[in-house]
$ cat start19.cif   # mmCIF, C-alpha atoms, pLDDT in the B column; chains and numbers go by the auth columns
data_entry
loop_
_atom_site.group_PDB
_atom_site.id
_atom_site.type_symbol
_atom_site.label_atom_id
_atom_site.label_comp_id
_atom_site.label_asym_id
_atom_site.label_seq_id
_atom_site.Cartn_x
_atom_site.Cartn_y
_atom_site.Cartn_z
_atom_site.B_iso_or_equiv
_atom_site.auth_seq_id
_atom_site.auth_asym_id
ATOM 1 C CA MET A 1 -0.157 1.100 6.242 87.00 1 A
ATOM 2 C CA CYS A 2 2.266 3.840 7.176 85.00 2 A
ATOM 3 C CA VAL A 3 2.360 6.944 9.320 87.00 3 A
ATOM 4 C CA GLN A 4 0.766 9.560 7.059 92.00 4 A
ATOM 5 C CA ASN A 5 -1.078 7.367 4.532 93.00 5 A
ATOM 6 C CA ALA A 6 -0.074 9.979 1.954 95.00 6 A
ATOM 7 C CA GLY A 7 2.526 8.266 -0.224 95.00 7 A
ATOM 8 C CA ARG A 8 3.757 4.678 -0.134 95.00 8 A
ATOM 9 C CA SER A 9 0.592 3.175 1.316 95.00 9 A
ATOM 10 C CA GLN A 10 -1.564 5.032 -1.206 97.00 10 A
ATOM 11 C CA MET A 11 0.549 3.696 -4.075 98.00 11 A
ATOM 12 C CA SER A 12 0.386 0.193 -2.585 97.00 12 A
ATOM 13 C CA THR A 13 -3.381 0.394 -2.287 97.00 13 A
ATOM 14 C CA ALA A 14 -3.796 1.461 -5.913 98.00 14 A
ATOM 15 C CA PHE A 15 -1.644 -1.422 -7.147 98.00 15 A
ATOM 16 C CA ALA A 16 -3.431 -3.860 -4.807 98.00 16 A
ATOM 17 C CA GLU A 17 -6.826 -2.765 -6.107 98.00 17 A
ATOM 18 C CA ARG A 18 -5.604 -3.337 -9.651 98.00 18 A
ATOM 19 C CA GLU A 19 -4.231 -6.809 -8.814 98.00 19 A
ATOM 20 C CA ARG A 20 -7.411 -7.794 -6.988 97.00 20 A
ATOM 21 C CA LYS A 21 -9.453 -6.883 -10.075 97.00 21 A
ATOM 22 C CA ARG A 22 -7.026 -8.469 -12.576 97.00 22 A
ATOM 23 C CA ARG A 23 -7.118 -11.746 -10.676 96.00 23 A
ATOM 24 C CA GLY A 24 -10.881 -11.759 -10.076 96.00 24 A
ATOM 25 C CA LEU A 25 -10.496 -11.645 -6.304 96.00 25 A
ATOM 26 C CA GLU A 26 -12.983 -8.838 -5.617 96.00 26 A
ATOM 27 C CA ASP A 27 -15.186 -11.143 -3.515 95.00 27 A
ATOM 28 C CA THR A 28 -12.218 -12.683 -1.699 94.00 28 A
ATOM 29 C CA VAL A 29 -9.736 -9.907 -0.910 95.00 29 A
ATOM 30 C CA GLU A 30 -10.555 -6.802 1.109 96.00 30 A
ATOM 31 C CA ILE A 31 -8.035 -3.969 1.008 97.00 31 A
ATOM 32 C CA MET A 32 -7.577 -1.443 3.786 95.00 32 A
ATOM 33 C CA THR A 33 -5.206 1.475 3.894 95.00 33 A
ATOM 34 C CA GLY A 34 -4.429 3.978 6.589 93.00 34 A
ATOM 35 C CA GLY A 35 -1.896 5.674 8.741 91.00 35 A
ATOM 36 C CA THR A 36 -1.156 6.093 12.407 86.00 36 A
ATOM 37 C CA HIS A 37 -1.028 9.905 11.976 88.00 37 A
ATOM 38 C CA PRO A 38 -2.710 10.638 8.625 93.00 38 A
ATOM 39 C CA ALA A 39 -1.786 13.698 6.567 95.00 39 A
ATOM 40 C CA ASP A 40 -4.323 16.110 5.116 96.00 40 A
ATOM 41 C CA HIS A 41 -3.776 14.976 1.519 96.00 41 A
ATOM 42 C CA VAL A 42 -1.840 12.573 -0.671 97.00 42 A
ATOM 43 C CA HIS A 43 1.597 13.949 -1.584 96.00 43 A
ATOM 44 C CA GLU A 44 1.413 15.810 -4.901 96.00 44 A
ATOM 45 C CA ILE A 45 4.487 14.050 -6.277 97.00 45 A
ATOM 46 C CA VAL A 46 2.826 10.691 -5.548 97.00 46 A
ATOM 47 C CA VAL A 47 -0.309 11.793 -7.399 98.00 47 A
ATOM 48 C CA GLU A 48 1.925 12.826 -10.319 97.00 48 A
ATOM 49 C CA VAL A 49 3.955 9.600 -10.627 98.00 49 A
ATOM 50 C CA MET A 50 0.909 7.395 -10.218 98.00 50 A
ATOM 51 C CA ASP A 51 -0.890 9.364 -12.917 98.00 51 A
ATOM 52 C CA GLU A 52 2.019 8.479 -15.224 98.00 52 A
ATOM 53 C CA VAL A 53 1.057 4.808 -14.939 98.00 53 A
ATOM 54 C CA GLY A 54 -2.699 5.286 -15.171 98.00 54 A
ATOM 55 C CA PHE A 55 -3.842 5.784 -11.567 98.00 55 A
ATOM 56 C CA ASP A 56 -5.717 8.875 -10.416 98.00 56 A
ATOM 57 C CA LEU A 57 -5.055 9.388 -6.717 98.00 57 A
ATOM 58 C CA SER A 58 -6.083 13.054 -6.714 97.00 58 A
ATOM 59 C CA ASP A 59 -9.390 12.340 -4.976 96.00 59 A
ATOM 60 C CA ARG A 60 -7.987 10.080 -2.253 97.00 60 A
ATOM 61 C CA THR A 61 -7.786 11.231 1.341 96.00 61 A
ATOM 62 C CA PRO A 62 -5.432 9.780 3.947 97.00 62 A
ATOM 63 C CA ARG A 63 -7.237 8.075 6.806 95.00 63 A
ATOM 64 C CA ALA A 64 -6.445 6.701 10.214 93.00 64 A
ATOM 65 C CA ILE A 65 -6.233 2.958 10.700 90.00 65 A
ATOM 66 C CA THR A 66 -6.873 1.266 14.021 88.00 66 A
ATOM 67 C CA THR A 67 -5.066 -1.600 15.672 85.00 67 A
ATOM 68 C CA ASP A 68 -8.338 -3.555 15.621 89.00 68 A
ATOM 69 C CA GLU A 69 -8.574 -3.116 11.842 90.00 69 A
ATOM 70 C CA LEU A 70 -4.980 -4.269 11.400 88.00 70 A
ATOM 71 C CA GLU A 71 -5.437 -7.273 13.674 88.00 71 A
ATOM 72 C CA SER A 72 -8.408 -8.355 11.539 91.00 72 A
ATOM 73 C CA CYS A 73 -6.126 -8.685 8.483 91.00 73 A
ATOM 74 C CA ASP A 74 -4.355 -11.736 7.139 92.00 74 A
ATOM 75 C CA TYR A 75 -1.513 -9.591 5.754 93.00 75 A
ATOM 76 C CA VAL A 76 -0.253 -6.154 6.766 91.00 76 A
ATOM 77 C CA ALA A 77 2.392 -4.361 4.747 92.00 77 A
ATOM 78 C CA THR A 78 4.145 -1.533 6.531 89.00 78 A
ATOM 79 C CA MET A 79 6.247 0.887 4.569 88.00 79 A
ATOM 80 C CA GLY A 80 9.303 1.108 6.824 77.00 80 A
ATOM 81 C CA CYS A 81 7.994 3.821 9.073 68.00 81 A
ATOM 82 C CA SER A 82 5.662 1.899 11.288 61.00 82 A
ATOM 83 C CA THR A 83 4.983 2.400 14.943 62.00 83 A
ATOM 84 C CA LEU A 84 2.826 -0.699 14.662 64.00 84 A
ATOM 85 C CA GLU A 85 2.197 -2.703 17.826 70.00 85 A
ATOM 86 C CA LEU A 86 -0.119 -5.622 17.189 66.00 86 A
ATOM 87 C CA ASP A 87 -1.235 -8.178 19.721 65.00 87 A
ATOM 88 C CA THR A 88 1.229 -11.036 19.313 58.00 88 A
ATOM 89 C CA SER A 89 -1.661 -13.505 19.480 62.00 89 A
ATOM 90 C CA ALA A 90 -3.189 -11.954 16.348 66.00 90 A
ATOM 91 C CA ASP A 91 -2.597 -14.222 13.372 85.00 91 A
ATOM 92 C CA VAL A 92 -1.321 -11.490 11.038 88.00 92 A
ATOM 93 C CA ASP A 93 1.501 -11.813 8.531 90.00 93 A
ATOM 94 C CA VAL A 94 3.268 -8.441 8.896 87.00 94 A
ATOM 95 C CA ARG A 95 5.679 -7.396 6.158 89.00 95 A
ATOM 96 C CA ASP A 96 7.906 -4.369 6.674 89.00 96 A
ATOM 97 C CA TRP A 97 8.819 -3.270 3.175 92.00 97 A
ATOM 98 C CA ALA A 98 11.310 -0.636 4.446 90.00 98 A
ATOM 99 C CA LEU A 99 10.680 1.782 1.581 92.00 99 A
ATOM 100 C CA ALA A 100 12.055 5.315 1.371 92.00 100 A
ATOM 101 C CA ASP A 101 9.552 8.119 1.987 91.00 101 A
ATOM 102 C CA PRO A 102 8.647 9.762 -1.350 93.00 102 A
ATOM 103 C CA ASP A 103 7.916 13.113 0.309 90.00 103 A
ATOM 104 C CA GLY A 104 10.665 15.564 -0.615 92.00 104 A
ATOM 105 C CA GLN A 105 12.253 13.229 -3.194 94.00 105 A
ATOM 106 C CA ASP A 106 12.748 14.086 -6.858 95.00 106 A
ATOM 107 C CA LEU A 107 10.584 12.535 -9.582 96.00 107 A
ATOM 108 C CA ASP A 108 13.067 9.819 -10.545 97.00 108 A
ATOM 109 C CA GLN A 109 13.423 8.678 -6.923 97.00 109 A
ATOM 110 C CA VAL A 110 9.654 8.566 -6.464 97.00 110 A
ATOM 111 C CA ARG A 111 9.315 6.589 -9.699 98.00 111 A
ATOM 112 C CA GLU A 112 11.801 4.039 -8.331 98.00 112 A
ATOM 113 C CA ILE A 113 9.803 3.777 -5.091 97.00 113 A
ATOM 114 C CA ARG A 114 6.580 3.384 -7.118 98.00 114 A
ATOM 115 C CA ASP A 115 8.065 0.620 -9.261 98.00 115 A
ATOM 116 C CA ASP A 116 9.428 -1.197 -6.199 97.00 116 A
ATOM 117 C CA ILE A 117 5.993 -1.026 -4.571 97.00 117 A
ATOM 118 C CA GLU A 118 4.360 -2.407 -7.706 98.00 118 A
ATOM 119 C CA ARG A 119 6.739 -5.407 -7.756 98.00 119 A
ATOM 120 C CA ARG A 120 6.100 -6.100 -4.069 97.00 120 A
ATOM 121 C CA VAL A 121 2.324 -5.894 -4.437 98.00 121 A
ATOM 122 C CA VAL A 122 2.337 -8.243 -7.438 98.00 122 A
ATOM 123 C CA ALA A 123 4.521 -10.721 -5.504 97.00 123 A
ATOM 124 C CA LEU A 124 2.206 -10.545 -2.480 97.00 124 A
ATOM 125 C CA PHE A 125 -0.807 -11.227 -4.685 97.00 125 A
ATOM 126 C CA ASP A 126 1.051 -14.186 -6.215 97.00 126 A
ATOM 127 C CA GLU A 127 1.371 -15.569 -2.662 95.00 127 A
ATOM 128 C CA ILE A 128 -2.251 -14.826 -1.790 93.00 128 A
ATOM 129 C CA GLU A 129 -3.461 -16.495 -4.963 93.00 129 A
ATOM 130 C CA ALA A 130 -1.291 -19.568 -4.295 93.00 130 A
ATOM 131 C CA ASP A 131 -2.663 -19.791 -0.733 88.00 131 A
ATOM 132 C CA LEU A 132 -6.221 -19.733 -2.071 86.00 132 A
ATOM 133 C CA GLU A 133 -5.644 -22.733 -4.341 82.00 133 A
#

$ encode --input "start19.cif" --output "structure tokens"
Amino acid sequence: MCVQNAGRSQMSTAFAERERKRRGLEDTVEIMTGGTHPADHVHEIVVEVMDEVGFDLSDRTPRAITTDELESCDYVATMGCSTLELDTSADVDVRDWALADPDGQDLDQVREIRDDIERRVVALFDEIEADLE
């Protein structure tokens, strides 16, 4: 999750959906994405760099995410821009990935952000898979 749900969180969701499918966890892992103040559309540069690696984000629309939705999760990854305030009694593993905002960056910088997100998502799925064993 992030503020606008238009860049980093959209890339994270695409990679998470891929990992869930690759690992056969479709019946086990639910993926939610959203922002605290969603934008009108996914950033064009994000659509472009994700297309380079085989993901079509052109039809995705940023959405709002509620505190209740987040508190229902086992893991929440924030992108470094969060205004997240979860109930401390909620048993949620919150990860702040502290990633640069791709909006306004050049293509090479956004590619670096994309690749960093991919590594983090794969590592998180490695943890999830280990916890399921």

$ atom_distance --input "start19.cif" --atom1 "CA of Leu99 (chain A)" --atom2 "CA of Leu25 (chain A)"
26.3 Å

$ residues_near_point --input "start19.cif" --point "(4.9, -14.1, 0.0)" --cutoff "12 Å" --atoms "only C-alpha atoms" --output "VMD selection string"
chain A and resid 74 to 77 93 to 95 97 119 to 131

$ atom_distance --input "start19.cif" --atom1 "CA of Leu70 (chain A)" --atom2 "CA of Thr28 (chain A)"
17.2 Å

$ atom_distance --input "start19.cif" --atom1 "CA of Arg60 (chain A)" --atom2 "CA of Ile45 (chain A)"
13.7 Å

$ resolve_selection --input "start19.cif" --expression "the PyMOL selection byres ((chain A and resi 62) around 10)" --output "count of residues only"
22

$ closest_residue --input "start19.cif" --among "A:Arg20, A:Met50, A:Leu132, A:Val29" --to "Asp115 (chain A)" --atoms "all atoms listed in the file"
A:Met50

$ closest_residue --input "start19.cif" --among "A:Glu30, A:Glu112, A:Asp59, A:Glu133" --to "Glu44 (chain A)" --atoms "all atoms listed in the file"
A:Asp59

$ resolve_selection --input "start19.cif" --expression "the PyMOL selection byres ((chain A and resi 107-110) around 10)" --output "MDAnalysis selection string"
chainID A and resid 7:8 45:46 48:50 100:106 111:116

$ closest_residue --input "start19.cif" --among "A:Val47, A:Ile31, A:Cys73, A:Cys2" --to "Arg18 (chain A)" --atoms "all atoms listed in the file"
A:Ile31

$ closest_residue --input "start19.cif" --among "A:Val92, A:Met11, A:Val53, A:Met1" --to "Met79 (chain A)" --atoms "all atoms listed in the file"
A:Met1

$ closest_residue --input "start19.cif" --among "A:Glu52, A:Asp91, A:Asp27, A:Asp96" --to "Ser72 (chain A)" --atoms "only C-alpha atoms"
A:Asp91
